[in-house]
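Right, one structure below, let's go through it.
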Protein chains: 2
Amino acid sequence: MLKNPVTMLQLVERLGNLIRAEMRRVIGQEGLQPVHLEAMLFLNQANRFSNTPQSLAEFLGVTKGTVSQSLLLLDRRGLIERYQDEVDRRVVRLRLSQQGEDMLEEMQPASMWQSATRNISANRIRNGVSALRETLYMLQNHNGARTFGVCNTCIYCQRKSQRTHHCALFAERLSGPETRLVCREHVPKSAV
Amino acid sequence: MLKNPVTMLQLVERLGNLIRAEMRRVIGQEGLQPVHLEAMLFLNQANRFSNTPQSLAEFLGVTKGTVSQSLLLLDRRGLIERYQDEVDRRVVRLRLSQQGEDMLEEMQPASMWQSATRNISANRIRNGVSALRETLYMLQNHNGARTFGVCNTCIYCQRKSQRTHHCALFAERLSGPETRLVCREHVPKSAV
DNA sequence: TAAATTAGTATCGAATCGATACTAATAAAA
DNA sequence: TTTTATTAGTATCGATTCGATACTAATTTA
C-alpha cells in the first residue's frame with residue numbers, strides 16, 4: 001500500500017477546501033454561494049456544445065433539479081442569460097450576461113493562486129500538473145466522470161490548417177479560440 | 001504570465017469537484033451531505049489539540065455557528081460524541097463514535113483514488129505531492145489559512161528519543177501515533 | 001473585582017440539494 | 001403514421017447548510 005497517493009488525495013482535498021473557503025469569502029460579499037461562482041466560471045469557459053443546464057449539472061456533480069434552482073437565482077440577479085436552442089427546442093442555452101462577466105473580471109479568482117505558486121519552480125509545477133492530469137484521466141476511465149478538458153487536448157479535435165480545426169464527434173468546424181474552451185464530451189488524447 | 005499555475009488551479013478545482021461529487025454519492029445513501037463526511041474524516045485524523053468545533057470550523061472554512069448545526073445532526077445520528085474538556089470547561093471535545101468509525105471504515109473514501117493513481121509512476125506522484133504541498137504552504141503564508149498538517153512535518157515537533165516526541169508549542173509529550181495526526185497549529189518545517 | 005475575550009449554542013431567513021412529479025420536445029418503435 | 005419511450009428542463013416539498021445576530025457560560029485580562 002503506497003502512502004503517497006493518499007497524501008496527494010489529502011492535499012487536493014485540503015486545497016479544495018481552501019479554494020472553496022476563498023470562494024465563499026469573495027462571493028459571499030455579493031450574497032452568493034460558492035456554487036454560483038463555480039457555475040459562472042464554468043459558463044465562462046464552456047464551448048457551444050456544453051453551455052446547458054444538463055452539462056453544468058454534470059460538471060458540478062449535482063442533479064438537474066438542483067442546478068435549475070441555482071440558475072433561477074443567477075438569472076434573477078441578472079448574472080446570466082438563458083435562451084432556447086434553435087434546432088432542439090427542449091434545450092436551454094446559457095451564457096454570462098455583461099454584468100456577470102464584469103463580476104468575474106473584478107474577482108480575479110486565480111490571483112491568489114498565482115501568488116501562491118510564484119516561488120515554485122516551473123519544473124515542479126509542470127510535474128504536478130502532469131500527475132494531477134493523469135489522475136483526472138484515470139478517474140474518468142474508472143467511474144465515467146467527465147474530464148471537461150479543452151478541445152485542443154481531445155482526441156476528437158483535428159487540425160485542418162493553420163487556423164481551422166475540426167471536431168470529429170460533432171462534425172463541426174472549430175475556430176482557434178474555440179479550441180481553448182472546455183467541452184462535456186472531452187476525451188483526453190492520451191494518458192500522458 | 002505563466003499558464004501552468006492556472007492549469008494546476010483548474011485541475012485541483014476539477015478534482016475537488018469530482019471528490020465532492022463522489023462524497024455526495026457515497027454519503028447521500030446515508031441521507032447525509034458532503035460536509036458531514038468531511039467533518040468525520042477530520043475528526044478521524046485530528047489530534048487532541050484540534051478535536052473541537054472551532055478547529056473544525058477553521059478546517060472547513062465556515063463559521064462556528066454553521067458547524068454547530070452540522071455537529072448537532074451528526075450527534076443526533078449517533079455518529080459522533082461530544083464531551084466537555086476538563087480543564088477549560090468552555091470547550092467541547094469531539095470524537096467519532098463506534099458507529100461513526102464503522103461507517104467511515106465501510107466507505108473507504110480513498111479507494112477510488114488509489115485505483116486512479118495506480119498506474120502513475122511513483123516519481124511523478126512524488127513531484128505532484130511536492131508541488132501541491134508547497135502551494136498549500138504558500139497559501140498559508142499568504143492569507144493566514146491553516147495547513148492542518150501532521151505533527152511530524154511541523155516545526156514545533158521535536159524528537160526526544162526513539163519513541164517519544166515533544167511539542168514545543170503546547171509543551172507536551174507526543175506518542176509516536178500522535179505525530180501522524182493533524183493539528184490546527186501545524187506550521188510546516190520548511191518551504192521544501 | 002470588573003471588563004473583555006473566548007467557546008459554543010440558538011434562532012432566523014435565504015439558499016442548496018435530492019426526490020418526485022410534471023411539461024414539452026424529440027427520438028424510437030410498432 | 002401513430003404510439004411509446006426518452007430527453008431537457010422546471011416546479012414543489014422537506015431536510016439541511018450557511019451567515020448573521022444574539023445569547024450563555026467560562027476564562028483571561030485589566
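Chain labels A, B, ... are given in the sequence in which chains occur in the C-alpha cells; within each chain residues are numbered consecutively from 1, and ligands are likewise numbered from 1 in the order shown.
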Taking only C-alpha atoms (C1' of nucleotides) into account, find every residue of chain A that has an atom no more than 9 Å from chain C, and write it out as a list in words. Leu32, Gln33, Val35, Val62, Thr63, Gly65, Thr66, Gln69, Ser70, Asp88, Arg89, Arg90 and Val91 of chain A
Would you mind listing, as a ChimeraX atom specification, all residues of chain D that have at least one atom within 8 Å of chain B, where only C-alpha atoms (C1' of nucleotides) are what counts? /D:17-19,25-27
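With only C-alpha atoms as the atoms that count, the minimum distance from Arg48 of chain B to the choices B:Pro188, B:Gly16, B:Gly144, B:Pro177 is reached by B:Pro177.
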Chain A contacts on chain B, only C-alpha atoms, 6 Å, as a PyMOL selection string: chain B and resi 8+16+21+61+116-117+124-125+127-129+131+135+138-139
Identify, with DSSP run on backbone atoms, the residues in chain A assigned to helix (DSSP H, G or I), and express the list as a ChimeraX atom specification. /A:4-28,34-45,53-60,64-76,98-107,111-116,122-143,151-153,177-180
Could you pull out the residues in chain B that DSSP calls strand (DSSP E or B) from the backbone, as a list in words? Ala46, Ile80, Glu81, Arg82, Tyr83, Gln84, Val92, Arg93, Leu94, Arg95, Leu96, Val150, Cys154, Cys157, Gln158, Arg159, His165, His166, Cys167, Glu172, Arg173, Leu174, Val182 and Pro188 of chain B
So what do you get for atom CA of Leu174 of chain B versus atom CA of Met103 of chain B, distance-wise?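 Here the two named atoms are 28.1 Å from each other.
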Can you pull out the residues contacting Phe49 of chain A? Cut-off 9 Å, using only C-alpha atoms (C1' of nucleotides), and skip same-chain residues under 6 positions away; I want them as a PyMOL selection string. chain A and resi 55+170+183-185
Prev. selection, C-alpha atoms, output as a compact mmCIF listing (two decimals), in the first residue's frame:
# COMPACT_ATOMS: atom_id res chain seq x y z
CA SER A 55 -23.85 19.95 -18.75
CA PHE A 170 -19.92 16.80 -33.54
CA CYS A 183 -16.30 20.55 -23.54
CA ARG A 184 -18.51 17.97 -21.85
CA GLU A 185 -17.60 15.39 -24.49
Need the shell around Gln45 of chain A: protein/DNA/RNA residues with any atom at most 10 Å away, counting only C-alpha atoms (C1' of nucleotides). Skip same-chain ones fewer than 6 positions apart. Format as a compact mmCIF listing (two decimals) with N, CA and C atoms, in the first residue's frame?
# COMPACT_ATOMS: atom_id res chain seq x y z
N ASN A 51 -22.82 24.48 -23.02
CA ASN A 51 -23.37 25.58 -22.22
C ASN A 51 -24.83 25.38 -21.88
N ARG A 95 -25.47 31.70 -21.01
CA ARG A 95 -24.24 32.49 -21.14
C ARG A 95 -24.22 33.54 -20.05
N PHE A 148 -14.07 17.31 -18.77
CA PHE A 148 -14.29 18.73 -19.07
C PHE A 148 -12.98 19.44 -19.40
N VAL A 150 -10.17 21.02 -22.36
CA VAL A 150 -10.31 21.91 -23.51
C VAL A 150 -10.10 21.11 -24.80
N GLU A 178 -12.06 28.70 -30.00
CA GLU A 178 -12.95 27.64 -29.52
C GLU A 178 -12.20 26.42 -29.02
N ARG A 180 -9.84 26.36 -27.19
CA ARG A 180 -9.35 26.58 -25.82
C ARG A 180 -10.49 26.62 -24.80
N LEU A 181 -11.68 26.20 -25.23
CA LEU A 181 -12.81 26.14 -24.31
C LEU A 181 -13.06 24.70 -23.86
N VAL A 182 -13.76 24.55 -22.76
CA VAL A 182 -13.98 23.20 -22.22
C VAL A 182 -15.24 22.59 -22.79
N CYS A 183 -15.22 21.27 -22.88
CA CYS A 183 -16.30 20.55 -23.54
C CYS A 183 -16.72 19.34 -22.70
Tell me, in Å to one decimal, how far atom CA of His186 of chain B is from atom CA of Leu72 of chain B. 27.3 Å
